[in-house]
file upload_5.txt (compact mmCIF, C-alpha atoms)
# COMPACT_ATOMS: atom_id res chain seq x y z
CA MET G 12 2.34 -153.55 -19.84
CA SER G 13 -0.19 -151.87 -22.08
CA ASP G 14 -0.22 -149.65 -25.12
CA ASP G 15 -0.48 -146.42 -23.20
CA ILE G 16 3.12 -146.44 -22.06
CA LYS G 17 4.57 -142.99 -22.45
CA LYS G 18 8.18 -141.99 -22.85
CA PHE G 19 9.26 -139.85 -19.91
CA MET G 20 12.62 -138.14 -19.76
CA PHE G 21 13.90 -136.42 -16.64
CA VAL G 22 16.54 -133.89 -17.62
CA ASN G 23 18.96 -133.02 -14.84
CA THR G 24 20.83 -129.76 -15.31
CA LYS G 25 21.85 -128.69 -11.79
CA ALA G 26 24.72 -129.58 -9.50
CA PRO G 27 23.73 -131.51 -6.36
CA TYR G 28 23.84 -130.11 -2.79
CA GLY G 29 23.95 -126.37 -3.61
CA THR G 30 20.26 -126.48 -4.42
CA VAL G 31 17.61 -129.10 -3.75
CA TYR G 32 16.70 -129.73 -7.42
CA ALA G 33 18.84 -132.85 -7.89
CA LEU G 34 17.48 -134.63 -4.81
CA GLU G 35 13.88 -133.66 -5.54
CA SER G 36 14.15 -134.85 -9.12
CA LEU G 37 15.61 -138.17 -7.99
CA GLU G 38 12.67 -138.69 -5.64
CA VAL G 39 10.20 -137.97 -8.42
CA VAL G 40 12.05 -140.44 -10.65
CA LEU G 41 11.85 -143.18 -8.01
CA ILE G 42 8.14 -142.53 -7.54
CA SER G 43 7.52 -142.50 -11.28
CA ALA G 44 9.01 -145.98 -11.54
CA ALA G 45 5.86 -147.32 -9.88
CA PHE G 46 3.78 -146.38 -12.92
CA ASP G 47 5.48 -148.72 -15.42
CA GLN G 48 6.34 -146.04 -17.94
CA ASP G 49 9.35 -145.82 -20.23
CA VAL G 50 11.61 -143.65 -18.08
CA SER G 51 15.00 -142.28 -19.01
CA LEU G 52 17.27 -139.71 -17.39
CA ALA G 53 19.53 -137.16 -19.01
CA PHE G 54 22.45 -135.45 -17.32
CA CYS G 55 23.67 -132.26 -18.95
CA ASP G 56 25.15 -128.92 -17.93
CA ASP G 57 25.91 -129.03 -14.18
CA GLY G 58 23.62 -132.07 -13.89
CA VAL G 59 26.62 -134.26 -14.75
CA PHE G 60 27.95 -133.50 -11.25
CA GLN G 61 25.02 -135.40 -9.72
CA ILE G 62 26.60 -138.76 -10.55
CA THR G 63 30.29 -138.18 -9.80
CA LYS G 64 31.97 -140.96 -7.86
CA ASN G 65 33.53 -140.59 -4.39
CA GLN G 66 31.03 -138.08 -3.05
CA ASN G 67 31.85 -137.74 0.64
CA THR G 68 29.60 -135.56 2.76
CA GLU G 69 31.19 -136.23 6.16
CA GLY G 70 32.68 -132.75 6.31
CA SER G 71 29.59 -130.86 5.22
CA GLY G 72 27.13 -132.92 7.24
CA MET G 73 24.71 -133.18 4.31
CA LYS G 74 23.01 -136.42 3.33
CA ASN G 75 25.00 -138.17 0.59
CA PHE G 76 22.25 -139.27 -1.77
CA SER G 77 24.55 -140.39 -4.59
CA PRO G 78 24.23 -144.13 -3.65
CA ALA G 79 20.54 -143.92 -4.56
CA TYR G 80 21.45 -143.52 -8.24
CA LYS G 81 22.92 -147.03 -8.00
CA ALA G 82 19.45 -148.34 -7.13
CA LEU G 83 17.93 -147.02 -10.38
CA GLY G 84 18.73 -150.33 -12.08
CA ASP G 85 16.56 -152.14 -9.49
CA TYR G 86 13.76 -149.75 -10.46
CA ASP G 87 14.14 -150.76 -14.14
CA ILE G 88 15.52 -147.34 -15.00
CA ASN G 89 18.52 -148.12 -17.15
CA LYS G 90 18.75 -145.39 -19.75
CA LEU G 91 20.97 -142.67 -18.30
CA TYR G 92 22.18 -140.31 -21.02
CA VAL G 93 25.21 -138.17 -20.21
CA GLU G 94 26.05 -135.27 -22.49
CA LYS G 95 29.63 -135.43 -23.73
CA GLU G 96 30.12 -131.69 -24.21
CA SER G 97 28.92 -130.96 -20.67
CA LEU G 98 31.53 -133.35 -19.26
CA GLU G 99 34.29 -131.82 -21.38
CA GLU G 100 33.43 -128.23 -20.45
CA ARG G 101 33.82 -129.24 -16.80
CA GLY G 102 37.11 -131.10 -17.18
CA LEU G 103 35.40 -134.46 -16.59
CA THR G 104 35.39 -137.84 -18.34
CA LEU G 105 33.26 -140.95 -17.81
CA ASP G 106 35.92 -142.09 -15.34
CA ASN G 107 34.75 -139.37 -12.94
CA LEU G 108 31.25 -140.86 -12.86
CA MET G 109 29.91 -143.73 -10.78
CA ASP G 110 29.55 -147.16 -12.37
CA LEU G 111 25.79 -147.30 -12.77
CA THR G 112 24.56 -150.63 -14.02
CA TYR G 113 21.46 -152.78 -14.37
CA GLU G 114 20.80 -156.49 -14.73
CA ASP G 115 19.29 -157.38 -18.09
CA GLU G 116 16.32 -159.69 -17.53
CA ASP G 117 16.33 -160.74 -21.20
CA ASP G 118 20.00 -161.67 -21.17
CA ASP G 119 20.31 -164.03 -18.18
CA TRP G 120 20.59 -161.06 -15.76
CA ALA G 121 23.90 -159.95 -17.21
CA GLU G 122 25.15 -156.74 -15.61
CA LYS G 123 25.26 -153.93 -18.14
CA PRO G 124 26.15 -150.25 -17.98
CA SER G 125 23.21 -147.84 -17.70
CA ILE G 126 25.20 -144.76 -18.68
CA LYS G 127 25.28 -143.85 -22.35
CA LEU G 128 27.49 -141.02 -23.53
CA VAL G 129 25.67 -138.87 -26.09
CA THR G 130 26.51 -135.68 -27.94
CA ARG G 131 24.51 -132.50 -27.50
CA ALA G 132 22.85 -133.06 -30.88
CA GLU G 133 21.95 -136.66 -29.99
CA LEU G 134 20.45 -135.53 -26.70
CA ALA G 135 18.36 -132.95 -28.54
CA ASP G 136 17.03 -135.75 -30.75
CA LEU G 137 16.27 -137.96 -27.75
CA MET G 138 14.35 -135.14 -26.08
CA ASP G 139 12.40 -134.64 -29.27
CA GLN G 140 11.26 -138.28 -29.19
CA GLN G 141 9.71 -138.07 -25.70
CA ASP G 142 6.07 -137.78 -24.75
CA VAL G 143 6.97 -135.93 -21.57
CA VAL G 144 10.16 -134.08 -20.66
CA ILE G 145 10.62 -132.94 -17.08
CA SER G 146 13.55 -130.62 -16.59
CA SER G 147 15.19 -129.51 -13.38
CA MET E 30 43.34 -104.12 4.23
CA ALA E 31 42.30 -106.45 1.47
CA MET E 32 38.84 -107.80 0.96
CA LEU E 33 37.64 -111.39 1.23
CA HIS E 34 35.18 -112.40 -1.49
CA THR E 35 33.04 -115.49 -1.18
CA VAL E 36 31.31 -117.09 -4.16
CA ASN E 37 28.77 -119.91 -3.79
CA LYS E 38 27.27 -120.49 -7.26
CA SER E 39 28.54 -122.77 -10.01
CA PRO E 40 30.42 -120.67 -12.58
CA PHE E 41 28.98 -122.90 -15.32
CA GLU E 42 25.48 -121.79 -14.44
CA ARG E 43 25.77 -118.26 -13.06
CA ASN E 44 27.99 -115.30 -13.71
CA SER E 45 28.82 -114.44 -10.10
CA LEU E 46 32.35 -115.87 -10.12
CA ASN E 47 33.07 -113.94 -13.28
CA SER E 48 31.72 -110.74 -11.74
CA CYS E 49 33.83 -111.35 -8.67
CA LEU E 50 36.99 -111.96 -10.73
CA THR E 51 36.48 -108.79 -12.73
CA LYS E 52 35.56 -106.53 -9.81
CA SER E 53 37.86 -107.74 -7.04
CA LYS E 54 41.07 -105.76 -6.59
CA GLU E 55 44.58 -107.11 -6.84
CA GLY E 56 45.76 -108.62 -3.57
CA SER E 57 42.29 -109.64 -2.51
CA THR E 58 41.25 -113.15 -1.55
CA ILE E 59 38.51 -115.24 -3.14
CA LEU E 60 36.99 -118.22 -1.36
CA LEU E 61 34.88 -120.67 -3.36
CA ILE E 62 32.18 -122.45 -1.36
CA GLU E 63 29.15 -124.67 -2.06
CA ASP E 64 28.61 -125.19 -5.82
CA ALA E 65 31.30 -122.60 -6.65
CA VAL E 66 33.99 -125.16 -5.69
CA LEU E 67 33.26 -126.85 -9.04
CA GLY E 68 34.93 -123.88 -10.73
CA ALA E 69 38.26 -124.87 -9.20
CA LEU E 70 38.49 -128.14 -11.16
CA LYS E 71 41.28 -128.77 -13.66
CA GLY E 72 40.56 -128.72 -17.37
CA THR E 73 37.34 -126.72 -17.34
CA VAL E 74 36.34 -123.95 -19.76
CA ILE E 75 37.08 -121.37 -17.05
CA ALA E 76 40.42 -122.79 -15.89
CA ASP E 77 42.47 -120.22 -17.82
CA LYS E 78 40.52 -117.37 -16.31
CA LEU E 79 41.24 -118.63 -12.81
CA THR E 80 44.89 -119.27 -13.55
CA THR E 81 45.22 -115.67 -14.69
CA ALA E 82 43.39 -114.39 -11.62
CA MET E 83 45.76 -116.35 -9.38
CA THR E 84 48.72 -114.25 -10.48
CA THR E 85 47.30 -111.27 -8.54
CA LYS E 86 44.74 -112.77 -6.14
CA ASN E 87 44.61 -115.60 -3.60
CA ILE E 88 42.08 -118.28 -4.35
CA TYR E 89 40.81 -120.83 -1.84
CA VAL E 90 38.17 -123.56 -1.85
CA LEU E 91 36.29 -125.03 1.10
CA GLY E 92 37.49 -128.64 1.28
CA SER E 93 34.34 -130.18 2.72
CA ASP E 94 32.24 -128.75 -0.11
CA LEU E 95 34.75 -130.15 -2.60
CA ASN E 96 34.65 -133.62 -1.00
CA THR E 97 30.85 -133.54 -0.84
CA ARG E 98 30.81 -133.24 -4.63
CA GLY E 99 33.24 -136.12 -5.15
CA PHE E 100 36.52 -134.25 -5.57
CA THR E 101 39.74 -133.71 -3.65
CA GLU E 102 42.77 -131.42 -3.72
CA ALA E 103 44.23 -133.53 -6.54
CA ASP E 104 41.38 -132.55 -8.85
CA ILE E 105 41.74 -128.78 -8.59
CA LEU E 106 44.01 -126.27 -10.32
CA ASP E 107 47.53 -125.91 -8.95
CA GLY E 108 47.76 -122.79 -6.85
CA ILE E 109 44.28 -122.95 -5.40
CA LYS E 110 44.46 -123.67 -1.69
CA VAL E 111 42.05 -125.88 0.26
CA VAL E 112 40.76 -124.71 3.64
CA ASP E 113 38.54 -126.35 6.24
CA TYR E 114 35.90 -124.57 8.31
CA SER E 115 38.42 -123.16 10.78
CA GLY E 116 40.50 -121.93 7.83
CA PHE E 117 37.34 -120.22 6.57
CA VAL E 118 36.97 -118.50 9.94
CA ASP E 119 40.64 -117.46 9.88
CA LEU E 120 40.18 -115.91 6.43
CA VAL E 121 37.19 -113.94 7.65
CA ALA E 122 39.15 -112.75 10.68
CA GLU E 123 42.20 -111.77 8.61
CA HIS E 124 40.24 -109.55 6.24
CA ALA E 125 38.66 -106.19 6.95
CA ASN E 126 35.57 -106.94 4.94
CA VAL E 127 33.72 -109.83 3.40
CA GLN E 128 31.79 -109.50 0.19
CA SER E 129 29.43 -112.36 -0.68
CA TRP E 130 28.73 -112.86 -4.37
CA LEU E 131 25.38 -114.59 -4.54
CA MET Y 23 6.91 -135.08 19.60
CA ALA Y 24 5.80 -138.63 20.25
CA THR Y 25 8.16 -141.12 21.82
CA ILE Y 26 8.31 -144.83 22.47
CA THR Y 27 10.15 -146.30 25.43
CA VAL Y 28 12.64 -149.08 24.78
CA ASP Y 29 14.91 -150.49 27.50
CA GLY Y 30 14.16 -147.39 29.57
CA LYS Y 31 15.21 -145.06 26.76
CA GLU Y 32 12.84 -142.50 25.27
CA ILE Y 33 13.04 -142.65 21.49
CA GLU Y 34 11.47 -140.03 19.24
CA VAL Y 35 9.05 -141.15 16.53
CA ASP Y 36 6.92 -139.18 14.08
CA GLU Y 37 3.12 -139.16 14.02
CA GLU Y 38 3.11 -142.39 12.00
CA GLY Y 39 5.52 -144.16 14.31
CA TYR Y 40 8.68 -143.92 12.16
CA LEU Y 41 11.98 -143.11 13.89
CA VAL Y 42 12.92 -139.45 13.74
CA ASN Y 43 16.64 -140.25 13.99
CA LEU Y 44 17.68 -143.31 12.05
CA SER Y 45 20.70 -143.74 14.30
CA ASP Y 46 18.39 -144.38 17.31
CA TRP Y 47 17.65 -147.89 16.06
CA PHE Y 48 18.64 -151.10 17.81
CA PRO Y 49 16.90 -154.49 17.62
CA ALA Y 50 14.72 -153.90 20.68
CA VAL Y 51 13.26 -150.84 18.93
CA ALA Y 52 11.88 -153.14 16.23
CA GLU Y 53 10.48 -155.47 18.91
CA GLU Y 54 8.73 -152.59 20.65
CA MET Y 55 7.29 -151.20 17.40
CA ALA Y 56 6.03 -154.68 16.51
CA LYS Y 57 4.40 -155.03 19.91
CA ILE Y 58 2.56 -151.74 19.35
CA ASP Y 59 1.35 -153.05 15.95
CA GLU Y 60 0.51 -156.45 17.51
CA VAL Y 61 2.95 -158.37 15.36
CA GLU Y 62 5.19 -161.02 16.86
CA LEU Y 63 8.60 -160.89 15.22
CA GLY Y 64 10.01 -164.25 14.16
CA GLU Y 65 13.06 -165.24 12.17
CA ASP Y 66 11.24 -164.61 8.87
CA HIS Y 67 10.44 -161.05 9.89
CA TRP Y 68 14.03 -160.46 10.90
CA ASP Y 69 15.28 -161.70 7.53
CA ILE Y 70 13.30 -158.93 5.88
CA ILE Y 71 14.16 -156.28 8.47
CA ASN Y 72 17.86 -157.06 8.17
CA PHE Y 73 17.59 -157.10 4.41
CA LEU Y 74 16.00 -153.64 4.45
CA ARG Y 75 18.68 -152.25 6.73
CA GLU Y 76 21.39 -153.57 4.42
CA TYR Y 77 19.61 -152.13 1.40
CA TYR Y 78 19.36 -148.75 3.07
CA GLU Y 79 23.00 -148.85 4.13
CA GLU Y 80 24.02 -149.44 0.52
CA TYR Y 81 21.62 -147.17 -1.38
CA GLN Y 82 20.41 -144.65 1.23
CA ILE Y 83 16.80 -145.21 0.24
CA ALA Y 84 14.00 -147.46 1.43
CA PRO Y 85 13.09 -149.59 -1.60
CA ALA Y 86 9.66 -149.57 -3.20
CA VAL Y 87 7.67 -152.75 -2.56
CA ARG Y 88 8.19 -153.95 -6.12
CA VAL Y 89 11.94 -153.52 -5.79
CA LEU Y 90 11.96 -155.13 -2.36
CA THR Y 91 10.03 -158.15 -3.65
CA LYS Y 92 12.38 -158.66 -6.55
CA ALA Y 93 15.48 -158.23 -4.41
CA VAL Y 94 14.21 -160.60 -1.72
CA ALA Y 95 13.42 -163.21 -4.39
CA LYS Y 96 16.97 -162.96 -5.59
CA LYS Y 97 18.56 -163.14 -2.16
CA LEU Y 98 16.22 -165.35 -0.14
CA GLY Y 99 14.43 -167.29 -2.87
CA LYS Y 100 11.17 -167.05 -4.83
CA GLU Y 101 9.02 -168.48 -2.01
CA LYS Y 102 9.88 -165.39 0.06
CA GLY Y 103 10.18 -162.90 -2.77
CA ASN Y 104 6.49 -162.50 -3.47
CA SER Y 105 4.09 -159.95 -2.14
CA LYS Y 106 1.67 -162.50 -0.63
CA TYR Y 107 4.40 -163.82 1.65
CA LEU Y 108 5.61 -160.34 2.54
CA TYR Y 109 2.09 -159.09 3.30
CA GLU Y 110 1.51 -162.10 5.57
CA LEU Y 111 4.57 -161.13 7.59
CA PHE Y 112 3.78 -157.42 7.56
CA PRO Y 113 0.01 -156.97 7.28
CA TYR Y 114 0.25 -153.17 6.96
CA GLY Y 115 2.51 -153.56 3.95
CA PRO Y 116 6.12 -154.68 3.59
CA GLY Y 117 7.09 -151.20 2.48
CA LYS Y 118 5.47 -149.21 5.23
CA GLN Y 119 5.53 -151.55 8.20
CA ALA Y 120 8.78 -153.44 7.64
CA CYS Y 121 10.61 -150.19 6.93
CA LYS Y 122 9.21 -148.75 10.14
CA PHE Y 123 10.40 -151.74 12.21
CA ALA Y 124 13.80 -151.50 10.49
CA GLY Y 125 14.13 -147.88 11.57
CA LEU Y 126 14.03 -146.61 7.99
CA PRO Y 127 12.02 -143.69 6.66
CA LYS Y 128 8.79 -144.40 4.82
CA PRO Y 129 9.63 -145.59 1.29
CA THR Y 130 9.69 -142.80 -1.26
CA GLY Y 131 6.36 -142.76 -3.05
CA CYS Y 132 4.36 -144.49 -0.32
CA VAL Y 133 1.42 -142.41 0.82

call {"tool": "encode", "arguments": {"input": "upload_5.txt", "output": "structure tokens"}}
result
Amino acid sequence: MSDDIKKFMFVNTKAPYGTVYALESLEVVLISAAFDQDVSLAFCDDGVFQITKNQNTEGSGMKNFSPAYKALGDYDINKLYVEKESLEERGLTLDNLMDLTYEDEDDDWAEKPSIKLVTRAELADLMDQQDVVISS
Amino acid sequence: MAMLHTVNKSPFERNSLNSCLTKSKEGSTILLIEDAVLGALKGTVIADKLTTAMTTKNIYVLGSDLNTRGFTEADILDGIKVVDYSGFVDLVAEHANVQSWL
Amino acid sequence: MATITVDGKEIEVDEEGYLVNLSDWFPAVAEEMAKIDEVELGEDHWDIINFLREYYEEYQIAPAVRVLTKAVAKKLGKEKGNSKYLYELFPYGPGKQACKFAGLPKPTGCV
């Protein structure tokens, strides 16, 4: 770890499957993890649908890539901000989302939740604190 | 004969479902597919609009697209019917015309 | 399209030798791929191959080497969860080569 660590935030705003943005963004996130930067993800607007639980693609024949979000903790990506207003506008609560967790190295590998519910205003502040924001 | 309308974009991101609801005639049928199935969920900001539309129009969602996104029949508004691919084909066959709202 | 022949079956692989259809995999496929790469698969190799297949089954991605190393350390112990050990088993890289033998796609981010 050196001083030139930058804060990267990937902002996800699109529903999965209908377009390829969600999957492509996830791949970029996994690649970015190799560069030891301070990476966080935000889910707002239709992006909140990317991490719903019980995704089942048997009928549509598409690849279900939702399990890959569960691997983010292994990649040391454990700041997943979900916008409260976006959930509410879509009739969703945190219960509709997958349990995404990470093991905290500094706390005897205790399993902790990665998802943090934030308001629209809080998310705006978080975006403002980043060095790089990549939106899709 | 009534028209079948298909909508495939999320109503939270695009206006196509709204356009379809305002321009489709009474007695017509609307089928939500791909990301548009998200509009059928309970408790959303557009739920009232759909509930009103259902008094004069038939609304369906494609079940496999709903399941793909993590939802089932229990999660959608009462009165919206779920069809599978063969139900989709039946709807196309039963209607004189299909209009796709993209 | 290139193929390899395993137990009399023609199996499609891409230009780098990875399976085109993940469902085509069975253990003899790994043995044949290893033979092509001049690696003899022992129990230690199989531990890693099986681990990768389980990881893919659960997360639908092939893990990055760093993630693989950490996860192997946790599951199989520190003496196996280090890159020196993994590179000895898979000289072309635990990400690339072990994933190939396991029938997985190339790990995301590997070039």

call {"tool": "atom_distance", "arguments": {"input": "upload_5.txt", "atom1": "atom CA of G:Ser51", "atom2": "atom CA of G:Asp106"}}
result
21.2 Å

call {"tool": "atom_distance", "arguments": {"input": "upload_5.txt", "atom1": "atom CA of E:His34", "atom2": "atom CA of E:Leu61"}}
result
8.5 Å

call {"tool": "interface_residues", "arguments": {"input": "upload_5.txt", "of": "chain E", "to": "chain G", "cutoff": "7 Å", "atoms": "all atoms listed in the file", "output": "MDAnalysis selection string"}}
result
chainID E and resid 41 63:64 70:74 93:94 96:99

call {"tool": "atom_distance", "arguments": {"input": "upload_5.txt", "atom1": "atom CA of Y:Pro85", "atom2": "atom CA of Y:Glu110"}}
result
18.5 Å

call {"tool": "interface_residues", "arguments": {"input": "upload_5.txt", "of": "chain Y", "to": "chain G", "cutoff": "10 Å", "atoms": "only C-alpha atoms", "output": "number ranges by chain"}}
result
Y: 77-90, 92-93, 129-132

call {"tool": "build_atoms", "arguments": {"input": "upload_5.txt", "residues": "stretch 18-36 of chain G", "atoms": "N, CA, C and O atoms", "output": "compact mmCIF listing (two decimals), in the coordinates of the input"}}
result
# COMPACT_ATOMS: atom_id res chain seq x y z
N LYS G 18 6.74 -142.20 -23.05
CA LYS G 18 8.18 -141.99 -22.85
C LYS G 18 8.39 -140.74 -22.00
O LYS G 18 8.02 -139.64 -22.41
N PHE G 19 8.97 -140.95 -20.82
CA PHE G 19 9.26 -139.85 -19.91
C PHE G 19 10.77 -139.65 -19.85
O PHE G 19 11.52 -140.62 -19.66
N MET G 20 11.20 -138.41 -19.99
CA MET G 20 12.62 -138.14 -19.76
C MET G 20 12.77 -137.07 -18.68
O MET G 20 12.16 -136.00 -18.77
N PHE G 21 13.58 -137.40 -17.68
CA PHE G 21 13.90 -136.42 -16.64
C PHE G 21 15.27 -135.83 -16.97
O PHE G 21 16.27 -136.56 -17.03
N VAL G 22 15.30 -134.55 -17.22
CA VAL G 22 16.54 -133.89 -17.62
C VAL G 22 17.12 -133.16 -16.42
O VAL G 22 16.50 -132.25 -15.86
N ASN G 23 18.31 -133.59 -16.02
CA ASN G 23 18.96 -133.02 -14.84
C ASN G 23 20.04 -132.04 -15.26
O ASN G 23 20.99 -132.43 -15.94
N THR G 24 19.89 -130.79 -14.85
CA THR G 24 20.83 -129.76 -15.31
C THR G 24 21.56 -129.06 -14.16
O THR G 24 22.34 -128.15 -14.40
N LYS G 25 21.27 -129.44 -12.92
CA LYS G 25 21.85 -128.69 -11.79
C LYS G 25 22.79 -129.55 -10.95
O LYS G 25 22.57 -130.75 -10.79
N ALA G 26 23.80 -128.90 -10.40
CA ALA G 26 24.72 -129.58 -9.50
C ALA G 26 23.97 -129.99 -8.23
O ALA G 26 23.02 -129.32 -7.83
N PRO G 27 24.39 -131.11 -7.59
CA PRO G 27 23.73 -131.51 -6.36
C PRO G 27 24.20 -130.66 -5.17
O PRO G 27 25.21 -129.97 -5.28
N TYR G 28 23.48 -130.71 -4.08
CA TYR G 28 23.84 -130.11 -2.79
C TYR G 28 23.66 -128.59 -2.69
O TYR G 28 23.12 -128.10 -1.71
N GLY G 29 24.10 -127.82 -3.69
CA GLY G 29 23.95 -126.37 -3.61
C GLY G 29 22.50 -125.94 -3.65
O GLY G 29 22.11 -124.95 -3.01
N THR G 30 21.71 -126.68 -4.40
CA THR G 30 20.26 -126.48 -4.42
C THR G 30 19.61 -127.84 -4.25
O THR G 30 20.27 -128.88 -4.33
N VAL G 31 18.30 -127.85 -4.07
CA VAL G 31 17.61 -129.10 -3.75
C VAL G 31 17.07 -129.79 -5.02
O VAL G 31 16.51 -130.88 -4.95
N TYR G 32 17.28 -129.18 -6.19
CA TYR G 32 16.70 -129.73 -7.42
C TYR G 32 17.09 -131.18 -7.69
O TYR G 32 16.25 -132.00 -8.06
N ALA G 33 18.36 -131.50 -7.54
CA ALA G 33 18.84 -132.85 -7.89
C ALA G 33 18.14 -133.91 -7.03
O ALA G 33 17.64 -134.91 -7.55
N LEU G 34 18.10 -133.66 -5.72
CA LEU G 34 17.48 -134.63 -4.81
C LEU G 34 15.99 -134.76 -5.09
O LEU G 34 15.44 -135.87 -5.13
N GLU G 35 15.32 -133.63 -5.29
CA GLU G 35 13.88 -133.66 -5.54
C GLU G 35 13.57 -134.42 -6.83
O GLU G 35 12.62 -135.19 -6.89
N SER G 36 14.37 -134.18 -7.85
CA SER G 36 14.15 -134.85 -9.12
C SER G 36 14.33 -136.36 -8.96
O SER G 36 13.54 -137.15 -9.48
